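Just data-v1.pdb here, PDB, C-alpha atoms and all ligand atoms:
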ATOM      1  CA  MET A   8    -172.527 -73.135-163.595  1.00  0.00           C
ATOM      2  CA  PRO A   9    -171.007 -76.616-163.131  1.00  0.00           C
ATOM      3  CA  LYS A  10    -172.888 -79.270-165.079  1.00  0.00           C
ATOM      4  CA  LEU A  11    -174.876 -81.964-163.341  1.00  0.00           C
ATOM      5  CA  LYS A  12    -173.025 -85.258-163.746  1.00  0.00           C
ATOM      6  CA  LEU A  13    -175.277 -88.081-164.872  1.00  0.00           C
ATOM      7  CA  GLY A  14    -174.810 -91.817-164.419  1.00  0.00           C
ATOM      8  CA  VAL A  15    -177.088 -93.551-166.932  1.00  0.00           C
ATOM      9  CA  LEU A  16    -178.026 -97.149-166.108  1.00  0.00           C
ATOM     10  CA  ILE A  17    -179.218 -99.361-168.950  1.00  0.00           C
ATOM     11  CA  SER A  18    -180.105-102.973-169.706  1.00  0.00           C
ATOM     12  CA  GLY A  19    -180.680-102.895-173.456  1.00  0.00           C
ATOM     13  CA  ARG A  20    -181.241-100.801-176.571  1.00  0.00           C
ATOM     14  CA  GLY A  21    -180.390 -97.453-174.987  1.00  0.00           C
ATOM     15  CA  SER A  22    -182.489 -95.133-177.149  1.00  0.00           C
ATOM     16  CA  ASN A  23    -183.284 -92.965-174.117  1.00  0.00           C
ATOM     17  CA  LEU A  24    -179.550 -92.919-173.361  1.00  0.00           C
ATOM     18  CA  GLN A  25    -178.943 -91.767-176.946  1.00  0.00           C
ATOM     19  CA  ALA A  26    -181.453 -88.932-176.540  1.00  0.00           C
ATOM     20  CA  ILE A  27    -179.670 -87.806-173.376  1.00  0.00           C
ATOM     21  CA  ILE A  28    -176.257 -88.035-175.070  1.00  0.00           C
ATOM     22  CA  GLU A  29    -177.507 -85.931-177.999  1.00  0.00           C
ATOM     23  CA  ALA A  30    -179.093 -83.315-175.725  1.00  0.00           C
ATOM     24  CA  ALA A  31    -175.888 -83.127-173.682  1.00  0.00           C
ATOM     25  CA  SER A  32    -173.827 -82.474-176.808  1.00  0.00           C
ATOM     26  CA  ASP A  33    -175.320 -78.958-176.788  1.00  0.00           C
ATOM     27  CA  PRO A  34    -172.912 -76.804-174.759  1.00  0.00           C
ATOM     28  CA  GLY A  35    -175.890 -75.045-173.166  1.00  0.00           C
ATOM     29  CA  PHE A  36    -177.360 -78.270-171.740  1.00  0.00           C
ATOM     30  CA  PRO A  37    -177.036 -78.248-167.929  1.00  0.00           C
ATOM     31  CA  ALA A  38    -175.903 -81.883-167.569  1.00  0.00           C
ATOM     32  CA  GLU A  39    -173.273 -84.265-168.945  1.00  0.00           C
ATOM     33  CA  VAL A  40    -173.138 -88.063-169.052  1.00  0.00           C
ATOM     34  CA  ALA A  41    -170.249 -89.039-166.759  1.00  0.00           C
ATOM     35  CA  VAL A  42    -170.686 -92.796-167.020  1.00  0.00           C
ATOM     36  CA  VAL A  43    -172.965 -95.397-168.619  1.00  0.00           C
ATOM     37  CA  ILE A  44    -173.420 -98.646-166.709  1.00  0.00           C
ATOM     38  CA  SER A  45    -175.129-101.769-168.039  1.00  0.00           C
ATOM     39  CA  ASN A  46    -176.078-104.861-166.062  1.00  0.00           C
ATOM     40  CA  ARG A  47    -176.194-106.870-169.294  1.00  0.00           C
ATOM     41  CA  PRO A  48    -173.225-107.642-171.548  1.00  0.00           C
ATOM     42  CA  ASP A  49    -175.315-107.556-174.744  1.00  0.00           C
ATOM     43  CA  ALA A  50    -176.881-104.107-174.135  1.00  0.00           C
ATOM     44  CA  TYR A  51    -176.615-102.098-177.366  1.00  0.00           C
ATOM     45  CA  GLY A  52    -176.470 -98.934-175.284  1.00  0.00           C
ATOM     46  CA  LEU A  53    -172.883 -99.835-174.349  1.00  0.00           C
ATOM     47  CA  GLN A  54    -171.933 -99.374-178.007  1.00  0.00           C
ATOM     48  CA  ARG A  55    -173.722 -96.020-178.074  1.00  0.00           C
ATOM     49  CA  ALA A  56    -171.634 -94.884-175.081  1.00  0.00           C
ATOM     50  CA  THR A  57    -168.410 -95.997-176.775  1.00  0.00           C
ATOM     51  CA  ALA A  58    -169.388 -94.244-180.013  1.00  0.00           C
ATOM     52  CA  ALA A  59    -169.960 -91.036-178.061  1.00  0.00           C
ATOM     53  CA  GLY A  60    -166.650 -91.358-176.206  1.00  0.00           C
ATOM     54  CA  ILE A  61    -168.375 -91.770-172.843  1.00  0.00           C
ATOM     55  CA  PRO A  62    -166.860 -94.093-170.202  1.00  0.00           C
ATOM     56  CA  SER A  63    -168.950 -97.218-169.765  1.00  0.00           C
ATOM     57  CA  ARG A  64    -168.964-100.144-167.391  1.00  0.00           C
ATOM     58  CA  LEU A  65    -170.493-103.597-167.520  1.00  0.00           C
ATOM     59  CA  ILE A  66    -171.608-104.715-164.059  1.00  0.00           C
ATOM     60  CA  ASP A  67    -173.337-108.022-164.726  1.00  0.00           C
ATOM     61  CA  HIS A  68    -175.764-108.737-161.886  1.00  0.00           C
ATOM     62  CA  THR A  69    -175.586-112.479-162.604  1.00  0.00           C
ATOM     63  CA  ALA A  70    -171.944-112.456-161.490  1.00  0.00           C
ATOM     64  CA  TYR A  71    -172.946-111.609-157.906  1.00  0.00           C
ATOM     65  CA  GLY A  72    -174.596-114.002-155.470  1.00  0.00           C
ATOM     66  CA  ALA A  73    -176.332-111.292-153.446  1.00  0.00           C
ATOM     67  CA  LYS A  74    -178.081-108.125-154.599  1.00  0.00           C
ATOM     68  CA  ALA A  75    -176.113-106.179-151.984  1.00  0.00           C
ATOM     69  CA  ASP A  76    -172.823-107.258-153.581  1.00  0.00           C
ATOM     70  CA  PHE A  77    -174.000-106.162-157.054  1.00  0.00           C
ATOM     71  CA  GLU A  78    -175.189-102.833-155.659  1.00  0.00           C
ATOM     72  CA  ALA A  79    -171.936-102.247-153.772  1.00  0.00           C
ATOM     73  CA  VAL A  80    -170.010-102.445-157.047  1.00  0.00           C
ATOM     74  CA  LEU A  81    -172.611-100.284-158.803  1.00  0.00           C
ATOM     75  CA  SER A  82    -172.461 -97.694-156.040  1.00  0.00           C
ATOM     76  CA  LYS A  83    -168.666 -97.582-156.168  1.00  0.00           C
ATOM     77  CA  ALA A  84    -168.714 -97.025-159.938  1.00  0.00           C
ATOM     78  CA  LEU A  85    -171.188 -94.146-159.550  1.00  0.00           C
ATOM     79  CA  ASP A  86    -169.107 -92.631-156.744  1.00  0.00           C
ATOM     80  CA  GLU A  87    -165.915 -92.937-158.788  1.00  0.00           C
ATOM     81  CA  ALA A  88    -167.562 -91.041-161.648  1.00  0.00           C
ATOM     82  CA  GLU A  89    -168.783 -88.409-159.135  1.00  0.00           C
ATOM     83  CA  VAL A  90    -172.340 -88.819-160.363  1.00  0.00           C
ATOM     84  CA  ASP A  91    -174.907 -86.284-159.100  1.00  0.00           C
ATOM     85  CA  LEU A  92    -178.007 -87.856-160.663  1.00  0.00           C
ATOM     86  CA  VAL A  93    -178.639 -91.492-161.588  1.00  0.00           C
ATOM     87  CA  CYS A  94    -180.885 -91.917-164.644  1.00  0.00           C
ATOM     88  CA  LEU A  95    -182.434 -95.353-165.146  1.00  0.00           C
ATOM     89  CA  ALA A  96    -183.036 -95.694-168.881  1.00  0.00           C
ATOM     90  CA  GLY A  97    -184.497 -99.111-169.567  1.00  0.00           C
ATOM     91  CA  PHE A  98    -182.606-100.507-166.548  1.00  0.00           C
ATOM     92  CA  MET A  99    -184.577-103.595-165.612  1.00  0.00           C
ATOM     93  CA  ARG A 100    -183.463-104.249-162.016  1.00  0.00           C
ATOM     94  CA  LEU A 101    -185.171-103.176-158.818  1.00  0.00           C
ATOM     95  CA  LEU A 102    -182.873-101.279-156.460  1.00  0.00           C
ATOM     96  CA  SER A 103    -182.808-101.927-152.714  1.00  0.00           C
ATOM     97  CA  ARG A 104    -184.008 -99.504-150.057  1.00  0.00           C
ATOM     98  CA  ALA A 105    -180.416 -98.980-148.845  1.00  0.00           C
ATOM     99  CA  PHE A 106    -179.231 -98.080-152.365  1.00  0.00           C
ATOM    100  CA  VAL A 107    -182.153 -95.738-153.027  1.00  0.00           C
ATOM    101  CA  GLU A 108    -182.016 -94.016-149.641  1.00  0.00           C
ATOM    102  CA  ARG A 109    -178.333 -93.265-150.022  1.00  0.00           C
ATOM    103  CA  ARG A 110    -179.194 -91.253-153.152  1.00  0.00           C
ATOM    104  CA  SER A 111    -182.491 -89.858-152.006  1.00  0.00           C
ATOM    105  CA  ASP A 112    -184.189 -87.854-154.809  1.00  0.00           C
ATOM    106  CA  ARG A 113    -181.140 -88.439-157.002  1.00  0.00           C
ATOM    107  CA  ILE A 114    -182.338 -91.486-158.904  1.00  0.00           C
ATOM    108  CA  ILE A 115    -184.950 -91.131-161.639  1.00  0.00           C
ATOM    109  CA  ASN A 116    -186.592 -93.545-164.093  1.00  0.00           C
ATOM    110  CA  ILE A 117    -188.700 -93.460-167.232  1.00  0.00           C
ATOM    111  CA  HIS A 118    -191.665 -95.777-167.646  1.00  0.00           C
ATOM    112  CA  PRO A 119    -193.876 -96.223-170.739  1.00  0.00           C
ATOM    113  CA  SER A 120    -197.261 -95.547-169.125  1.00  0.00           C
ATOM    114  CA  LEU A 121    -199.120 -92.821-167.309  1.00  0.00           C
ATOM    115  CA  LEU A 122    -198.213 -94.004-163.812  1.00  0.00           C
ATOM    116  CA  PRO A 123    -199.719 -95.124-161.511  1.00  0.00           C
ATOM    117  CA  ALA A 124    -201.453 -96.986-164.365  1.00  0.00           C
ATOM    118  CA  PHE A 125    -199.704-100.075-165.784  1.00  0.00           C
ATOM    119  CA  LYS A 126    -196.610-100.510-163.642  1.00  0.00           C
ATOM    120  CA  GLY A 127    -194.299-103.312-164.740  1.00  0.00           C
ATOM    121  CA  LEU A 128    -194.054-105.006-168.118  1.00  0.00           C
ATOM    122  CA  HIS A 129    -196.262-105.180-171.260  1.00  0.00           C
ATOM    123  CA  THR A 130    -197.671-101.715-170.591  1.00  0.00           C
ATOM    124  CA  HIS A 131    -198.972-101.119-174.125  1.00  0.00           C
ATOM    125  CA  GLN A 132    -200.834-104.434-174.361  1.00  0.00           C
ATOM    126  CA  ARG A 133    -202.368-103.775-170.969  1.00  0.00           C
ATOM    127  CA  ALA A 134    -203.428-100.239-171.972  1.00  0.00           C
ATOM    128  CA  LEU A 135    -205.092-101.658-175.104  1.00  0.00           C
ATOM    129  CA  ASP A 136    -206.787-104.434-173.117  1.00  0.00           C
ATOM    130  CA  ALA A 137    -208.118-101.840-170.665  1.00  0.00           C
ATOM    131  CA  ARG A 138    -209.496 -99.787-173.605  1.00  0.00           C
ATOM    132  CA  VAL A 139    -208.171 -96.535-172.183  1.00  0.00           C
ATOM    133  CA  ALA A 140    -208.286 -93.518-174.497  1.00  0.00           C
ATOM    134  CA  GLU A 141    -204.717 -92.448-173.924  1.00  0.00           C
ATOM    135  CA  THR A 142    -201.399 -93.657-172.660  1.00  0.00           C
ATOM    136  CA  GLY A 143    -198.035 -91.965-172.290  1.00  0.00           C
ATOM    137  CA  CYS A 144    -194.821 -91.989-170.320  1.00  0.00           C
ATOM    138  CA  THR A 145    -193.732 -90.914-166.866  1.00  0.00           C
ATOM    139  CA  VAL A 146    -190.397 -89.724-165.519  1.00  0.00           C
ATOM    140  CA  HIS A 147    -190.404 -90.290-161.772  1.00  0.00           C
ATOM    141  CA  TYR A 148    -188.192 -90.523-158.705  1.00  0.00           C
ATOM    142  CA  VAL A 149    -187.135 -94.066-157.890  1.00  0.00           C
ATOM    143  CA  THR A 150    -188.147 -95.919-154.748  1.00  0.00           C
ATOM    144  CA  PRO A 151    -187.499 -99.565-153.868  1.00  0.00           C
ATOM    145  CA  GLY A 152    -190.948-100.392-155.311  1.00  0.00           C
ATOM    146  CA  MET A 153    -191.461-101.103-159.014  1.00  0.00           C
ATOM    147  CA  ASP A 154    -192.315 -97.992-161.054  1.00  0.00           C
ATOM    148  CA  GLU A 155    -193.308 -96.096-157.932  1.00  0.00           C
ATOM    149  CA  GLY A 156    -192.160 -92.731-156.624  1.00  0.00           C
ATOM    150  CA  ARG A 157    -193.202 -89.141-157.195  1.00  0.00           C
ATOM    151  CA  THR A 158    -193.849 -88.066-160.761  1.00  0.00           C
ATOM    152  CA  ILE A 159    -191.534 -85.439-162.236  1.00  0.00           C
ATOM    153  CA  LEU A 160    -193.337 -85.149-165.559  1.00  0.00           C
ATOM    154  CA  GLN A 161    -195.576 -87.038-167.955  1.00  0.00           C
ATOM    155  CA  LYS A 162    -196.278 -86.877-171.669  1.00  0.00           C
ATOM    156  CA  ARG A 163    -199.584 -88.131-173.041  1.00  0.00           C
ATOM    157  CA  LEU A 164    -200.381 -90.006-176.257  1.00  0.00           C
ATOM    158  CA  ALA A 165    -203.844 -90.643-177.697  1.00  0.00           C
ATOM    159  CA  ILE A 166    -204.604 -94.271-178.537  1.00  0.00           C
ATOM    160  CA  LEU A 167    -205.929 -94.546-182.106  1.00  0.00           C
ATOM    161  CA  PRO A 168    -208.212 -97.151-183.669  1.00  0.00           C
ATOM    162  CA  GLY A 169    -206.073-100.048-184.906  1.00  0.00           C
ATOM    163  CA  ASP A 170    -203.185 -99.339-182.536  1.00  0.00           C
ATOM    164  CA  THR A 171    -201.074-102.327-181.515  1.00  0.00           C
ATOM    165  CA  PRO A 172    -198.474-102.610-178.753  1.00  0.00           C
ATOM    166  CA  ASP A 173    -195.796-102.042-181.415  1.00  0.00           C
ATOM    167  CA  SER A 174    -197.429 -98.967-182.941  1.00  0.00           C
ATOM    168  CA  LEU A 175    -197.933 -97.458-179.490  1.00  0.00           C
ATOM    169  CA  ALA A 176    -194.321 -98.147-178.525  1.00  0.00           C
ATOM    170  CA  GLU A 177    -193.110 -96.565-181.769  1.00  0.00           C
ATOM    171  CA  ARG A 178    -195.205 -93.399-181.386  1.00  0.00           C
ATOM    172  CA  LEU A 179    -194.392 -93.108-177.688  1.00  0.00           C
ATOM    173  CA  LEU A 180    -190.618 -93.409-178.009  1.00  0.00           C
ATOM    174  CA  PRO A 181    -189.953 -89.839-179.242  1.00  0.00           C
ATOM    175  CA  LEU A 182    -192.139 -88.563-176.406  1.00  0.00           C
ATOM    176  CA  GLU A 183    -190.071 -90.622-173.933  1.00  0.00           C
ATOM    177  CA  HIS A 184    -186.885 -89.106-175.289  1.00  0.00           C
ATOM    178  CA  ALA A 185    -188.239 -85.565-175.002  1.00  0.00           C
ATOM    179  CA  ALA A 186    -189.607 -86.261-171.509  1.00  0.00           C
ATOM    180  CA  TYR A 187    -186.300 -87.595-170.202  1.00  0.00           C
ATOM    181  CA  VAL A 188    -184.305 -84.649-171.541  1.00  0.00           C
ATOM    182  CA  GLU A 189    -186.869 -82.187-170.152  1.00  0.00           C
ATOM    183  CA  ALA A 190    -186.875 -83.881-166.722  1.00  0.00           C
ATOM    184  CA  ILE A 191    -183.081 -83.651-166.500  1.00  0.00           C
ATOM    185  CA  GLN A 192    -183.281 -79.944-167.370  1.00  0.00           C
ATOM    186  CA  VAL A 193    -185.891 -79.409-164.656  1.00  0.00           C
ATOM    187  CA  LEU A 194    -183.820 -81.229-162.036  1.00  0.00           C
ATOM    188  CA  ALA A 195    -180.595 -79.497-163.048  1.00  0.00           C
ATOM    189  CA  GLY A 196    -182.286 -76.271-161.992  1.00  0.00           C
ATOM    190  CA  THR A 197    -183.031 -77.643-158.519  1.00  0.00           C
ATOM    191  CA  LEU A 198    -180.234 -80.057-157.594  1.00  0.00           C
ATOM    192  CA  PRO A 199    -176.832 -78.787-156.526  1.00  0.00           C
ATOM    193  CA  GLY A 200    -174.190 -80.201-158.883  1.00  0.00           C
TER     194      GLY A 200
HETATM  195  C1  LIG B   1    -188.329 -97.663-172.637  1.00  0.00           C
HETATM  196  O1  LIG B   1    -189.545 -97.768-173.337  1.00  0.00           O
HETATM  197  C2  LIG B   1    -188.568 -97.397-171.159  1.00  0.00           C
HETATM  198  O2  LIG B   1    -189.677 -96.569-170.941  1.00  0.00           O
HETATM  199  C3  LIG B   1    -188.807 -98.791-170.648  1.00  0.00           C
HETATM  200  O3  LIG B   1    -187.861 -99.583-171.315  1.00  0.00           O
HETATM  201  C4  LIG B   1    -187.613 -99.012-172.610  1.00  0.00           C
HETATM  202  C5  LIG B   1    -186.122 -98.862-172.773  1.00  0.00           C
HETATM  203  O4  LIG B   1    -185.813 -98.430-174.068  1.00  0.00           O
HETATM  204  N1  LIG B   1    -188.652 -98.865-169.216  1.00  0.00           N
HETATM  205  C6  LIG B   1    -189.416 -99.598-168.426  1.00  0.00           C
HETATM  206  O5  LIG B   1    -190.310-100.312-168.821  1.00  0.00           O
HETATM  207  C7  LIG B   1    -189.108 -99.471-166.936  1.00  0.00           C
HETATM  208  N2  LIG B   1    -190.122-100.076-166.143  1.00  0.00           N
HETATM  209  P1  LIG B   1    -184.382 -97.857-174.430  1.00  0.00           P
HETATM  210  O6  LIG B   1    -183.372 -98.903-173.909  1.00  0.00           O
HETATM  211  O7  LIG B   1    -184.369 -97.760-175.915  1.00  0.00           O
HETATM  212  O8  LIG B   1    -184.197 -96.534-173.744  1.00  0.00           O
END
Rewrite the coordinates I just gave you, this time as structure tokens.
Ligand code: GAR
Amino acid sequence: MPKLKLGVLISGRGSNLQAIIEAASDPGFPAEVAVVISNRPDAYGLQRATAAGIPSRLIDHTAYGAKADFEAVLSKALDEAEVDLVCLAGFMRLLSRAFVERRSDRIINIHPSLLPAFKGLHTHQRALDARVAETGCTVHYVTPGMDEGRTILQKRLAILPGDTPDSLAERLLPLEHAAYVEAIQVLAGTLPG
């Protein structure tokens, strides 16, 4: 079976990228990272890609006057790498309708909440403020809206007495990594490569 080719888009630390890279180092994993693209020059994930010998590109959105121009370059880079599935992994830009519709059901994202709860930023603080009993993470299809789109899978995490945004983020991160790898495996079984 040909492997699903992934294009991983990042803006920062890249720990979800690292989890995907490590999963893909298993010969039995049904996907491979074809390219890593960052919109920020200082994203540590770029170094992770280099360390793993994976081609990477910096496409700095601030260098383009219009979103459409940024996305045209992004789209070309994904096409050149023959990417089947785009994985947003801490990529902090909204994508336009035209970009998303061209890759319908082939762009996914991870978000650190049980969507539709707590879209956007500061999810852990907002979960604590709302005094909910649990939080978690969601892997979902991407739409032009922020943190919207059909859920592929979620993992849940109980909120404990004394939890802070930092402690929640720390306990959730391994669940995010597992969720992203699992979601890619699920999709690899359904998407033609
Ligand atoms: C992750 O917690 C991810 O869920 C979140 O950014 C972090 C990136 O970490 N994404 C969002 O909030 C998207 N709305 P990473 O760079 O170490 O993978």
Residue contacts of range 37-54 of chain A (6 Å, all atoms listed in the file) excluding same-chain residues fewer than 5 positions away, as a PyMOL selection string: chain A and resi 10-21+31+62-68
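For the pair CA of Tyr148 in chain A and CA of Glu177 in chain A, the separation is 24.3 Å.
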Computed gap from CA of Met99 in chain A to CA of Ser32 in chain A is 26.2 Å
Expanded to explicit residues, what is the PyMOL selection byres (((chain A and resi 118) around 12) and not hetatm) for this file, as a PyMOL selection string? chain A and resi 23+94-99+115-117+119-131+142-149+153-156+158-162+176+179-180+182-184+186-187
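Minimum atom-to-atom distances from A:Leu101, A:Ala137, A:Ile28, A:Gly35 to Glu78 in chain A were compared using all atoms listed in the file, and the lowest value belongs to A:Leu101.
Among the candidates A:Ala84, A:Leu135, A:Ala26, A:Leu92, the one nearest to ligand LIG 1 (chain B) when counting all atoms listed in the file is A:Ala26.
The space separating atom O4 of ligand LIG 1 (chain B) from CA of Gln25 in chain A comes to 10.0 Å.
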Test item: residues at most 12 Å from Met8 in chain A, all atoms listed in the file, excluding those fewer than 6 positions along its chain, as a ChimeraX atom specification: /A:34-38,195-196,198-200
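Taking all atoms listed in the file into account, ligand LIG 1 (chain B) lies nearest to A:Arg55 out of the set A:Pro9, A:Glu108, A:Arg55, A:Glu189.
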As a CSV table (one decimal), in the coordinates of the input, could you write out range 95-117 of chain A once it has been completed with N, CA, C and O atoms?
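The result, written out as rebuild-v1.csv:
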chain,number,residue,atom,x,y,z
A,95,LEU,N,-182.1,-94.0,-164.7
A,95,LEU,CA,-182.4,-95.4,-165.1
A,95,LEU,C,-183.1,-95.2,-166.5
A,95,LEU,O,-184.1,-94.6,-166.6
A,96,ALA,N,-182.5,-95.8,-167.5
A,96,ALA,CA,-183.0,-95.7,-168.9
A,96,ALA,C,-183.2,-97.1,-169.5
A,96,ALA,O,-182.3,-97.6,-170.1
A,97,GLY,N,-184.3,-97.7,-169.2
A,97,GLY,CA,-184.5,-99.1,-169.6
A,97,GLY,C,-183.6,-100.1,-168.7
A,97,GLY,O,-183.2,-101.1,-169.2
A,98,PHE,N,-183.4,-99.7,-167.5
A,98,PHE,CA,-182.6,-100.5,-166.5
A,98,PHE,C,-183.6,-101.4,-165.8
A,98,PHE,O,-184.4,-100.9,-165.1
A,99,MET,N,-183.5,-102.7,-166.0
A,99,MET,CA,-184.6,-103.6,-165.6
A,99,MET,C,-184.2,-104.4,-164.3
A,99,MET,O,-184.5,-105.6,-164.2
A,100,ARG,N,-183.7,-103.6,-163.3
A,100,ARG,CA,-183.5,-104.2,-162.0
A,100,ARG,C,-184.1,-103.4,-161.0
A,100,ARG,O,-184.0,-102.1,-161.1
A,101,LEU,N,-184.7,-104.0,-159.9
A,101,LEU,CA,-185.2,-103.2,-158.8
A,101,LEU,C,-184.0,-102.9,-157.9
A,101,LEU,O,-183.1,-103.7,-157.7
A,102,LEU,N,-184.0,-101.7,-157.3
A,102,LEU,CA,-182.9,-101.3,-156.5
A,102,LEU,C,-183.3,-101.4,-155.0
A,102,LEU,O,-184.5,-101.1,-154.7
A,103,SER,N,-182.4,-101.7,-154.1
A,103,SER,CA,-182.8,-101.9,-152.7
A,103,SER,C,-183.1,-100.6,-152.0
A,103,SER,O,-182.7,-99.5,-152.5
A,104,ARG,N,-183.7,-100.7,-150.9
A,104,ARG,CA,-184.0,-99.5,-150.1
A,104,ARG,C,-182.7,-98.8,-149.7
A,104,ARG,O,-182.6,-97.6,-149.8
A,105,ALA,N,-181.7,-99.6,-149.3
A,105,ALA,CA,-180.4,-99.0,-148.8
A,105,ALA,C,-179.8,-98.2,-150.0
A,105,ALA,O,-179.3,-97.1,-149.8
A,106,PHE,N,-179.8,-98.7,-151.2
A,106,PHE,CA,-179.2,-98.1,-152.4
A,106,PHE,C,-180.0,-96.8,-152.7
A,106,PHE,O,-179.4,-95.7,-152.9
A,107,VAL,N,-181.3,-96.9,-152.7
A,107,VAL,CA,-182.2,-95.7,-153.0
A,107,VAL,C,-182.0,-94.6,-152.0
A,107,VAL,O,-181.9,-93.5,-152.3
A,108,GLU,N,-182.0,-95.0,-150.7
A,108,GLU,CA,-182.0,-94.0,-149.6
A,108,GLU,C,-180.7,-93.3,-149.6
A,108,GLU,O,-180.6,-92.1,-149.2
A,109,ARG,N,-179.6,-93.9,-150.0
A,109,ARG,CA,-178.3,-93.3,-150.0
A,109,ARG,C,-178.3,-92.1,-151.1
A,109,ARG,O,-177.6,-91.2,-151.0
A,110,ARG,N,-179.1,-92.3,-152.1
A,110,ARG,CA,-179.2,-91.3,-153.2
A,110,ARG,C,-180.6,-90.7,-153.2
A,110,ARG,O,-181.2,-90.6,-154.3
A,111,SER,N,-181.1,-90.3,-152.1
A,111,SER,CA,-182.5,-89.9,-152.0
A,111,SER,C,-182.8,-88.7,-153.0
A,111,SER,O,-182.0,-87.7,-153.0
A,112,ASP,N,-183.8,-88.9,-153.8
A,112,ASP,CA,-184.2,-87.9,-154.8
A,112,ASP,C,-183.1,-87.6,-155.9
A,112,ASP,O,-183.1,-86.6,-156.6
A,113,ARG,N,-182.2,-88.6,-156.0
A,113,ARG,CA,-181.1,-88.4,-157.0
A,113,ARG,C,-181.1,-89.7,-157.9
A,113,ARG,O,-180.1,-89.9,-158.5
A,114,ILE,N,-182.2,-90.4,-158.0
A,114,ILE,CA,-182.3,-91.5,-158.9
A,114,ILE,C,-183.7,-91.3,-159.6
A,114,ILE,O,-184.7,-91.2,-158.9
A,115,ILE,N,-183.7,-91.3,-160.9
A,115,ILE,CA,-185.0,-91.1,-161.6
A,115,ILE,C,-185.1,-92.2,-162.7
A,115,ILE,O,-184.1,-92.9,-163.1
A,116,ASN,N,-186.3,-92.5,-163.1
A,116,ASN,CA,-186.6,-93.5,-164.1
A,116,ASN,C,-187.6,-93.1,-165.1
A,116,ASN,O,-188.4,-92.1,-164.8
A,117,ILE,N,-187.6,-93.7,-166.3
A,117,ILE,CA,-188.7,-93.5,-167.2
A,117,ILE,C,-189.5,-94.8,-167.4
A,117,ILE,O,-188.9,-95.8,-167.5
